[in-house]
$ cat target.cif   # mmCIF, C-alpha atoms
data_target
#
loop_
_atom_site.group_PDB
_atom_site.id
_atom_site.type_symbol
_atom_site.label_atom_id
_atom_site.label_comp_id
_atom_site.auth_asym_id
_atom_site.auth_seq_id
_atom_site.Cartn_x
_atom_site.Cartn_y
_atom_site.Cartn_z
ATOM 1 C CA MET H 276 158.485 68.478 82.404
ATOM 2 C CA GLY H 277 160.665 70.641 80.182
ATOM 3 C CA ASP H 278 164.134 72.151 80.609
ATOM 4 C CA ARG H 279 162.617 75.175 82.409
ATOM 5 C CA CYS H 280 160.898 73.029 85.009
ATOM 6 C CA VAL H 281 162.289 73.295 88.559
ATOM 7 C CA VAL H 282 162.072 70.176 90.756
ATOM 8 C CA LYS H 283 162.772 70.379 94.494
ATOM 9 C CA PRO H 284 162.532 67.655 97.168
ATOM 10 C CA ILE H 285 159.958 68.312 99.881
ATOM 11 C CA GLN H 286 158.670 66.658 103.045
ATOM 12 C CA ASP H 287 154.949 65.894 102.922
ATOM 13 C CA LYS H 288 153.283 63.432 105.318
ATOM 14 C CA GLU H 289 150.205 62.908 103.139
ATOM 15 C CA LEU H 290 152.316 62.086 100.090
ATOM 16 C CA ALA H 291 154.599 59.863 102.149
ATOM 17 C CA ASN H 292 151.615 57.819 103.327
ATOM 18 C CA LEU H 293 149.919 57.697 99.932
ATOM 19 C CA ASP H 294 149.343 54.144 98.700
ATOM 20 C CA ILE H 295 150.101 54.183 94.976
ATOM 21 C CA GLY H 296 150.384 50.419 94.652
ATOM 22 C CA VAL H 297 152.936 48.752 92.398
ATOM 23 C CA VAL H 298 153.417 50.186 88.924
ATOM 24 C CA LYS H 299 153.933 47.445 86.367
ATOM 25 C CA ARG H 300 155.125 47.993 82.842
ATOM 26 C CA THR H 301 152.812 46.378 80.317
ATOM 27 C CA MET H 302 154.784 44.145 77.971
ATOM 28 C CA ASN H 303 154.066 41.172 75.767
ATOM 29 C CA GLN H 304 154.577 37.609 76.883
ATOM 30 C CA PRO H 305 157.446 35.790 75.118
ATOM 31 C CA GLY H 306 156.228 34.329 71.841
ATOM 32 C CA GLU H 307 152.769 35.908 72.213
ATOM 33 C CA GLU H 308 150.956 36.234 68.868
ATOM 34 C CA LEU H 309 149.840 39.817 68.340
ATOM 35 C CA ASP H 310 147.966 41.899 65.790
ATOM 36 C CA LEU H 311 150.002 44.662 64.163
ATOM 37 C CA VAL H 312 147.732 47.322 65.673
ATOM 38 C CA ASN H 313 148.810 46.193 69.168
ATOM 39 C CA LEU H 314 152.578 46.401 68.583
ATOM 40 C CA LYS H 315 154.437 48.777 70.904
ATOM 41 C CA PRO H 316 158.087 49.893 70.769
ATOM 42 C CA GLY H 317 160.172 47.801 73.168
ATOM 43 C CA MET H 318 158.344 44.514 72.609
ATOM 44 C CA SER H 319 160.521 41.457 71.992
ATOM 45 C CA ASN H 320 160.049 37.827 70.926
ATOM 46 C CA VAL H 321 156.903 38.796 69.015
ATOM 47 C CA SER H 322 154.899 36.411 66.830
ATOM 48 C CA VAL H 323 152.643 37.782 64.071
ATOM 49 C CA LYS H 324 150.818 36.589 60.969
ATOM 50 C CA LEU H 325 151.185 39.163 58.209
ATOM 51 C CA ARG H 326 151.301 39.866 54.514
ATOM 52 C CA ILE H 327 154.319 41.637 53.023
ATOM 53 C CA LEU H 328 153.064 44.641 51.035
ATOM 54 C CA ASP H 329 156.351 45.871 49.543
ATOM 55 C CA VAL H 330 160.080 45.318 49.960
ATOM 56 C CA GLU H 331 162.971 47.688 49.315
ATOM 57 C CA THR H 332 166.709 47.412 49.922
ATOM 58 C CA ARG H 333 168.925 50.024 51.532
ATOM 59 C CA LYS H 334 172.711 50.273 51.884
ATOM 60 C CA ILE H 335 174.022 51.337 55.297
ATOM 61 C CA THR H 336 177.349 51.255 57.142
ATOM 62 C CA VAL H 337 177.621 49.320 60.414
ATOM 63 C CA LYS H 338 180.874 49.677 62.366
ATOM 64 C CA GLY H 339 182.626 50.777 59.216
ATOM 65 C CA GLU H 340 181.348 47.816 57.173
ATOM 66 C CA PRO H 341 178.791 48.114 54.335
ATOM 67 C CA LYS H 342 175.545 46.247 54.908
ATOM 68 C CA THR H 343 172.303 45.757 53.002
ATOM 69 C CA ILE H 344 169.055 45.857 54.951
ATOM 70 C CA PHE H 345 165.517 45.269 53.778
ATOM 71 C CA GLY H 346 162.491 47.365 54.633
ATOM 72 C CA GLY H 347 158.925 47.972 53.623
ATOM 73 C CA ASN H 348 155.370 47.652 54.859
ATOM 74 C CA ALA H 349 153.429 44.684 56.190
ATOM 75 C CA GLY H 350 149.733 44.293 56.934
ATOM 76 C CA ASP H 351 147.200 42.131 58.703
ATOM 77 C CA LYS H 352 143.479 42.465 59.381
ATOM 78 C CA SER H 353 144.107 45.150 62.040
ATOM 79 C CA GLY H 354 146.241 47.535 59.969
ATOM 80 C CA THR H 355 149.755 48.063 58.645
ATOM 81 C CA CYS H 356 153.218 48.872 59.974
ATOM 82 C CA ARG H 357 156.765 49.375 58.780
ATOM 83 C CA PHE H 358 159.284 46.543 59.001
ATOM 84 C CA THR H 359 163.069 46.400 58.893
ATOM 85 C CA SER H 360 164.927 43.162 58.222
ATOM 86 C CA TRP H 361 168.614 43.054 59.150
ATOM 87 C CA GLU H 362 169.064 39.757 57.324
ATOM 88 C CA ASP H 363 167.975 38.561 53.879
ATOM 89 C CA HIS H 364 164.978 36.346 54.656
ATOM 90 C CA ASN H 365 163.927 36.268 50.967
ATOM 91 C CA LEU H 366 160.702 38.113 51.690
ATOM 92 C CA VAL H 367 158.384 38.453 48.684
ATOM 93 C CA ALA H 368 155.778 41.202 48.313
ATOM 94 C CA GLY H 369 152.261 39.777 48.333
ATOM 95 C CA LYS H 370 153.120 36.602 50.256
ATOM 96 C CA ALA H 371 151.867 35.840 53.767
ATOM 97 C CA TYR H 372 154.074 34.578 56.596
ATOM 98 C CA ASN H 373 153.895 33.386 60.167
ATOM 99 C CA VAL H 374 156.717 35.308 61.852
ATOM 100 C CA GLU H 375 158.319 34.276 65.135
ATOM 101 C CA ASN H 376 160.913 35.983 67.341
ATOM 102 C CA ALA H 377 160.603 39.501 65.930
ATOM 103 C CA TYR H 378 160.955 42.676 67.997
ATOM 104 C CA VAL H 379 159.647 46.235 67.828
ATOM 105 C CA LYS H 380 161.458 49.583 67.715
ATOM 106 C CA GLU H 381 160.289 53.146 67.119
ATOM 107 C CA PHE H 382 160.467 54.781 63.698
ATOM 108 C CA ASN H 383 157.477 56.955 62.754
ATOM 109 C CA GLY H 384 155.370 54.578 64.789
ATOM 110 C CA PRO H 385 156.097 50.945 65.646
ATOM 111 C CA ASP H 386 158.733 49.395 63.356
ATOM 112 C CA LEU H 387 158.738 45.582 63.314
ATOM 113 C CA GLN H 388 162.333 44.316 63.280
ATOM 114 C CA PHE H 389 163.537 40.990 61.852
ATOM 115 C CA GLY H 390 166.940 39.683 62.925
ATOM 116 C CA GLU H 391 169.143 36.650 62.462
ATOM 117 C CA TYR H 392 166.978 34.463 64.684
ATOM 118 C CA THR H 393 163.591 35.566 63.331
ATOM 119 C CA LYS H 394 161.764 32.572 61.836
ATOM 120 C CA PHE H 395 159.471 32.803 58.787
ATOM 121 C CA THR H 396 156.931 30.186 57.705
ATOM 122 C CA GLU H 397 154.988 30.853 54.502
ATOM 123 C CA ILE H 398 151.215 30.459 54.957
ATOM 124 C CA ASP H 399 148.211 30.667 52.614
ATOM 125 C CA GLY H 400 147.035 33.892 54.299
ATOM 126 C CA GLU H 401 143.326 33.253 53.668
ATOM 127 C CA GLU H 402 142.453 35.043 56.922
ATOM 128 C CA LEU H 403 144.471 38.096 55.857
ATOM 129 C CA PRO H 404 143.303 40.830 53.460
ATOM 130 C CA ALA H 405 144.550 40.474 49.887
ATOM 131 C CA LEU H 406 147.361 42.716 48.647
ATOM 132 C CA GLU H 407 144.979 44.924 46.654
ATOM 133 C CA ASP H 408 142.854 45.527 49.764
ATOM 134 C CA TYR H 409 145.640 47.735 51.146
ATOM 135 C CA ALA H 410 145.837 49.946 48.032
ATOM 136 C CA ASP H 411 143.629 52.695 49.499
ATOM 137 C CA GLY H 412 145.269 52.617 52.933
ATOM 138 C CA VAL H 413 143.915 51.624 56.334
ATOM 139 C CA GLN H 414 141.606 54.059 58.091
ATOM 140 C CA TYR H 415 142.272 54.980 61.725
ATOM 141 C CA THR H 416 140.920 57.433 64.239
ATOM 142 C CA LEU H 417 143.387 59.926 65.674
ATOM 143 C CA ALA H 418 142.847 58.344 69.093
ATOM 144 C CA GLN H 419 143.958 54.975 67.704
ATOM 145 C CA LEU H 420 147.062 56.507 66.126
ATOM 146 C CA ASP H 421 147.988 58.235 69.377
ATOM 147 C CA GLU H 422 147.484 55.009 71.338
ATOM 148 C CA ARG H 423 149.727 52.956 69.015
ATOM 149 C CA ASN H 424 152.407 55.708 68.709
ATOM 150 C CA GLY H 425 151.663 56.361 65.041
ATOM 151 C CA ALA H 426 151.572 54.347 61.821
ATOM 152 C CA SER H 427 153.561 54.188 58.603
ATOM 153 C CA ASP H 428 150.523 54.313 56.284
ATOM 154 C CA ALA H 429 147.288 55.701 57.676
ATOM 155 C CA VAL H 430 144.096 57.345 56.427
ATOM 156 C CA VAL H 431 142.215 59.798 58.643
ATOM 157 C CA GLU H 432 139.106 61.881 58.034
ATOM 158 C CA GLY H 433 138.190 65.014 59.939
ATOM 159 C CA HIS H 434 137.998 68.793 59.885
ATOM 160 C CA VAL H 435 140.590 71.566 59.890
ATOM 161 C CA LEU H 436 140.205 73.634 63.052
ATOM 162 C CA THR H 437 142.916 76.189 62.375
ATOM 163 C CA VAL H 438 145.960 76.934 60.236
ATOM 164 C CA ARG H 439 149.060 77.366 62.382
ATOM 165 C CA GLU H 440 151.794 79.959 62.176
ATOM 166 C CA GLY H 441 154.636 78.908 59.897
ATOM 167 C CA SER H 442 152.326 77.953 57.042
ATOM 168 C CA GLY H 443 152.506 79.215 53.468
ATOM 169 C CA LEU H 444 155.768 80.528 52.060
ATOM 170 C CA ILE H 445 158.769 79.493 54.147
ATOM 171 C CA PHE H 446 162.532 79.327 53.617
ATOM 172 C CA ARG H 447 164.772 76.346 54.323
ATOM 173 C CA ASP H 448 168.487 75.968 54.794
ATOM 174 C CA LYS H 449 169.793 74.454 51.559
ATOM 175 C CA ASP H 450 172.144 72.062 53.368
ATOM 176 C CA THR H 451 170.039 70.904 56.325
ATOM 177 C CA ASN H 452 166.509 71.444 54.909
ATOM 178 C CA ARG H 453 165.651 73.034 58.271
ATOM 179 C CA PRO H 454 162.980 75.764 58.179
ATOM 180 C CA LEU H 455 164.523 79.163 58.926
ATOM 181 C CA ARG H 456 163.038 81.543 61.466
ATOM 182 C CA ASN H 457 163.117 85.317 61.654
ATOM 183 C CA GLY H 458 166.639 86.410 62.402
ATOM 184 C CA ASP H 459 168.286 83.339 60.859
ATOM 185 C CA ASP H 460 170.907 83.869 58.167
ATOM 186 C CA ARG H 461 169.145 83.484 54.803
ATOM 187 C CA LYS H 462 172.198 83.562 52.552
ATOM 188 C CA ASN H 463 171.896 79.804 52.062
ATOM 189 C CA ALA H 464 168.074 79.740 51.973
ATOM 190 C CA VAL H 465 165.712 78.255 49.414
ATOM 191 C CA PRO H 466 161.938 78.956 49.268
ATOM 192 C CA ASP H 467 159.368 76.260 49.966
ATOM 193 C CA LEU H 468 155.663 75.835 50.702
ATOM 194 C CA ARG H 469 153.969 73.969 53.520
ATOM 195 C CA ILE H 470 150.844 74.078 55.670
ATOM 196 C CA ARG H 471 150.582 73.235 59.381
ATOM 197 C CA LEU H 472 147.053 72.413 60.552
ATOM 198 C CA ILE H 473 145.225 71.535 63.716
ATOM 199 C CA PHE H 474 143.167 68.590 62.478
ATOM 200 C CA ASP H 475 140.317 66.997 64.464
ATOM 201 C CA ASP H 476 138.199 63.895 63.827
ATOM 202 C CA GLY H 477 136.064 63.841 66.970
ATOM 203 C CA SER H 478 138.211 61.239 68.739
ATOM 204 C CA GLY H 479 141.198 63.565 69.096
ATOM 205 C CA SER H 480 143.324 66.131 67.334
ATOM 206 C CA CYS H 481 146.799 66.373 65.838
ATOM 207 C CA THR H 482 149.157 68.714 64.050
ATOM 208 C CA ALA H 483 148.988 67.823 60.350
ATOM 209 C CA TYR H 484 151.642 68.842 57.828
ATOM 210 C CA LEU H 485 150.943 69.346 54.120
ATOM 211 C CA ASN H 486 154.005 69.417 51.862
ATOM 212 C CA ARG H 487 154.741 71.702 48.911
ATOM 213 C CA GLU H 488 152.948 69.536 46.357
ATOM 214 C CA ILE H 489 149.746 69.418 48.414
ATOM 215 C CA THR H 490 149.976 73.126 49.277
ATOM 216 C CA GLU H 491 150.231 74.024 45.572
ATOM 217 C CA LYS H 492 147.142 71.892 44.938
ATOM 218 C CA VAL H 493 145.217 73.593 47.770
ATOM 219 C CA LEU H 494 146.129 77.106 46.576
ATOM 220 C CA GLY H 495 145.966 76.464 42.851
ATOM 221 C CA ARG H 496 149.392 78.147 42.593
ATOM 222 C CA ASP H 497 152.918 76.843 42.152
ATOM 223 C CA LEU H 498 155.884 78.083 44.183
ATOM 224 C CA ASP H 499 156.901 80.758 41.645
ATOM 225 C CA SER H 500 153.350 82.100 41.568
ATOM 226 C CA CYS H 501 153.278 82.248 45.379
ATOM 227 C CA LEU H 502 156.573 84.154 45.455
ATOM 228 C CA GLU H 503 155.165 86.693 42.993
ATOM 229 C CA PHE H 504 151.892 86.908 44.931
ATOM 230 C CA VAL H 505 153.758 87.664 48.174
ATOM 231 C CA LYS H 506 155.785 90.395 46.447
ATOM 232 C CA GLU H 507 152.669 92.005 44.978
ATOM 233 C CA ASN H 508 150.977 92.047 48.386
ATOM 234 C CA PHE H 509 154.064 93.231 50.300
ATOM 235 C CA GLY H 510 154.064 90.218 52.610
ATOM 236 C CA SER H 511 152.758 86.698 53.177
ATOM 237 C CA GLU H 512 149.564 87.680 55.047
ATOM 238 C CA ALA H 513 147.409 87.537 51.903
ATOM 239 C CA LEU H 514 148.718 84.050 51.095
ATOM 240 C CA MET H 515 147.887 82.946 54.632
ATOM 241 C CA GLU H 516 144.346 84.268 54.202
ATOM 242 C CA GLU H 517 143.934 82.219 51.012
ATOM 243 C CA ILE H 518 145.036 79.082 52.864
ATOM 244 C CA GLU H 519 142.594 79.730 55.702
ATOM 245 C CA ASP H 520 139.715 80.380 53.272
ATOM 246 C CA ALA H 521 140.494 77.112 51.474
ATOM 247 C CA LEU H 522 140.856 74.858 54.535
ATOM 248 C CA VAL H 523 139.462 76.111 57.853
ATOM 249 C CA LEU H 524 136.420 74.055 58.951
ATOM 250 C CA LYS H 525 136.615 72.031 55.723
ATOM 251 C CA PRO H 526 136.347 68.214 55.869
ATOM 252 C CA LEU H 527 139.459 66.439 54.563
ATOM 253 C CA ARG H 528 140.738 62.924 53.979
ATOM 254 C CA LEU H 529 144.468 62.675 54.670
ATOM 255 C CA ARG H 530 146.766 59.772 53.897
ATOM 256 C CA GLY H 531 150.320 59.611 55.196
ATOM 257 C CA PHE H 532 152.340 58.582 58.237
ATOM 258 C CA ALA H 533 151.863 59.553 61.860
ATOM 259 C CA ARG H 534 154.042 59.612 64.939
ATOM 260 C CA SER H 535 153.346 60.360 68.567
ATOM 261 C CA ASP H 536 155.943 61.794 70.943
ATOM 262 C CA GLU H 537 156.222 64.137 73.932
ATOM 263 C CA TYR H 538 154.864 66.965 71.751
ATOM 264 C CA GLY H 539 151.709 65.051 70.825
ATOM 265 C CA LEU H 540 150.481 63.381 67.636
ATOM 266 C CA SER H 541 151.810 64.603 64.277
ATOM 267 C CA PHE H 542 150.499 63.550 60.872
ATOM 268 C CA PHE H 543 152.577 63.997 57.698
ATOM 269 C CA ALA H 544 150.265 63.847 54.699
ATOM 270 C CA ARG H 545 151.234 62.298 51.379
ATOM 271 C CA SER H 546 147.816 63.072 49.907
ATOM 272 C CA CYS H 547 144.924 65.337 50.822
ATOM 273 C CA ASP H 548 141.407 65.202 49.375
ATOM 274 C CA PRO H 549 138.139 66.892 50.291
ATOM 275 C CA THR H 550 135.373 64.710 51.685
ATOM 276 C CA ALA H 551 131.650 65.235 51.461
ATOM 277 C CA GLU H 552 130.238 68.121 53.463
ATOM 278 C CA ILE H 553 127.738 67.049 56.113
ATOM 279 C CA ASP H 554 124.196 68.255 55.438
ATOM 280 C CA VAL H 555 123.610 69.312 59.043
ATOM 281 C CA PRO H 556 119.871 70.205 58.782
ATOM 282 C CA ASN H 557 119.086 66.919 57.012
ATOM 283 C CA VAL H 558 121.104 64.850 59.492
ATOM 284 C CA ALA H 559 119.359 66.654 62.381
ATOM 285 C CA ARG H 560 115.943 65.889 60.888
ATOM 286 C CA GLN H 561 116.844 62.200 60.524
ATOM 287 C CA PHE H 562 118.097 62.096 64.091
ATOM 288 C CA LEU H 563 114.900 63.685 65.456
ATOM 289 C CA ALA H 564 112.753 61.366 63.366
ATOM 290 C CA ALA H 565 114.589 58.352 64.752
ATOM 291 C CA LEU H 566 113.991 59.610 68.310
ATOM 292 C CA GLU H 567 110.283 60.124 67.669
ATOM 293 C CA GLY H 568 109.996 56.686 66.083
#

$ encode --input "target.cif" --output "structure tokens"
Amino acid sequence: MGDRCVVKPIQDKELANLDIGVVKRTMNQPGEELDLVNLKPGMSNVSVKLRILDVETRKITVKGEPKTIFGGNAGDKSGTCRFTSWEDHNLVAGKAYNVENAYVKEFNGPDLQFGEYTKFTEIDGEELPALEDYADGVQYTLAQLDERNGASDAVVEGHVLTVREGSGLIFRDKDTNRPLRNGDDRKNAVPDLRIRLIFDDGSGSCTAYLNREITEKVLGRDLDSCLEFVKENFGSEALMEEIEDALVLKPLRLRGFARSDEYGLSFFARSCDPTAEIDVPNVARQFLAALEG
């Protein structure tokens, strides 16, 4: 329901007598050991076995006081997720830990939080993938990403259904980095490139975003060349046609982060590579042969 929705109370006997049962909120049991793929924002007192993939420090201000927090990515056999540690637990990239009393918040998907009372026990991690096994990312379906509210590092494969309006050459506000729309003041604008796609993998669809670097790779043009191309063609329509010719109905492998909110699933690509085209006649022949056999 959006801000234009009108809600009015009514009297309805059938609705009044409708047995809807008791709605229960699904939540983890205290101390329950979970896989990372099953983490949901709002969970508390979570126990997980994981491997730390990378660690970075960040300076923030809390109630006027400077504070250093630690963040990065962690993984287990089910996938990966972001983590944020509000205390220095001496986490080392590559090592495996049994973690107790963590909790989960939302930041581009589930973000595993470590506080003062989170307990870490170093383990051998033989049941966990090795650090190098995460180098190429963890593959998900779009349905899985939507179910788990996104992921910090995900690989998806599918096809481009359409290129959305607002792709190609755009202008951003230099101070806020916000894309400008028609009618906005462009005195403080800087040019940029991006592509917005409807991407589908058979299990679901999402809006995928390709940044300037990827867009330049797709078009074979840099930003200056695109600006000149738009001038020569008296508008951005020709650039949009080039994007559609390059991507629509093409199979792609995207790697990046995903988040799911009231507007649906969004995927922000860090890399984009073509995948093998399906030989439809050959696959059909194999399928028919298997049926006959």

$ resolve_selection --input "target.cif" --expression "the PyMOL selection byres ((chain H and resi 541) around 6)" --output "PyMOL selection string"
chain H and resi 481-483+533-534+540+542

$ closest_residue --input "target.cif" --among "H:Ser427, H:Ala291, H:Arg447, H:Lys394" --to "Arg357 in chain H" --atoms "all atoms listed in the file"
H:Ser427

$ resolve_selection --input "target.cif" --expression "the PyMOL selection byres ((chain H and resi 419) around 12)" --output "PyMOL selection string"
chain H and resi 312-313+353-354+384+413-418+420-426+429-431+476-481+533-535+540

$ atom_distance --input "target.cif" --atom1 "CA of Phe504 in chain H" --atom2 "CA of Thr490 in chain H"
14.6 Å

$ atom_distance --input "target.cif" --atom1 "CA of Thr437 in chain H" --atom2 "CA of Ile470 in chain H"
10.6 Å

$ resolve_selection --input "target.cif" --expression "the PyMOL selection byres ((chain H and resi 325) around 6)" --output "list in words"
Lys324, Arg326, Gly350, Asp351, Ala371 and Tyr372 of chain H

$ residues_around --input "target.cif" --residues "range 314-323 of chain H" --least-positions-apart "2" --cutoff "9 Å" --atoms "all atoms listed in the file" --output "VMD selection string"
chain H and resid 302 to 312 325 351 356 372 to 382 384 to 387 393 423 to 424

$ atom_distance --input "target.cif" --atom1 "CA of Ile327 in chain H" --atom2 "CA of Asp548 in chain H"
27.1 Å

$ closest_residue --input "target.cif" --among "H:Asp460, H:Glu567, H:Asp467, H:Asp475" --to "Glu432 in chain H" --atoms "all atoms listed in the file"
H:Asp475

$ residues_around --input "target.cif" --residues "Thr359 in chain H" --least-positions-apart "2" --cutoff "8 Å" --atoms "all atoms listed in the file" --output "PyMOL selection string"
chain H and resi 344-347+357+361+386-389

$ closest_residue --input "target.cif" --among "H:Ile295, H:Leu328, H:Leu502, H:Val465" --to "Leu514 in chain H" --atoms "all atoms listed in the file"
H:Leu502

$ residues_near_point --input "target.cif" --point "(149.4, 67.4, 49.0)" --cutoff "7 Å" --atoms "only C-alpha atoms" --output "MDAnalysis selection string"
chainID H and resid 485:490 492 544:547

$ closest_residue --input "target.cif" --among "H:Arg471, H:Arg530, H:Lys342, H:Arg456" --to "Asp411 in chain H" --atoms "only C-alpha atoms"
H:Arg530

$ closest_residue --input "target.cif" --among "H:Leu406, H:His364, H:Asn292, H:Met515" --to "Asn348 in chain H" --atoms "only C-alpha atoms"
H:Leu406

$ closest_residue --input "target.cif" --among "H:Gly277, H:Gly443, H:Gly412, H:Gly539" --to "Asp497 in chain H" --atoms "only C-alpha atoms"
H:Gly443
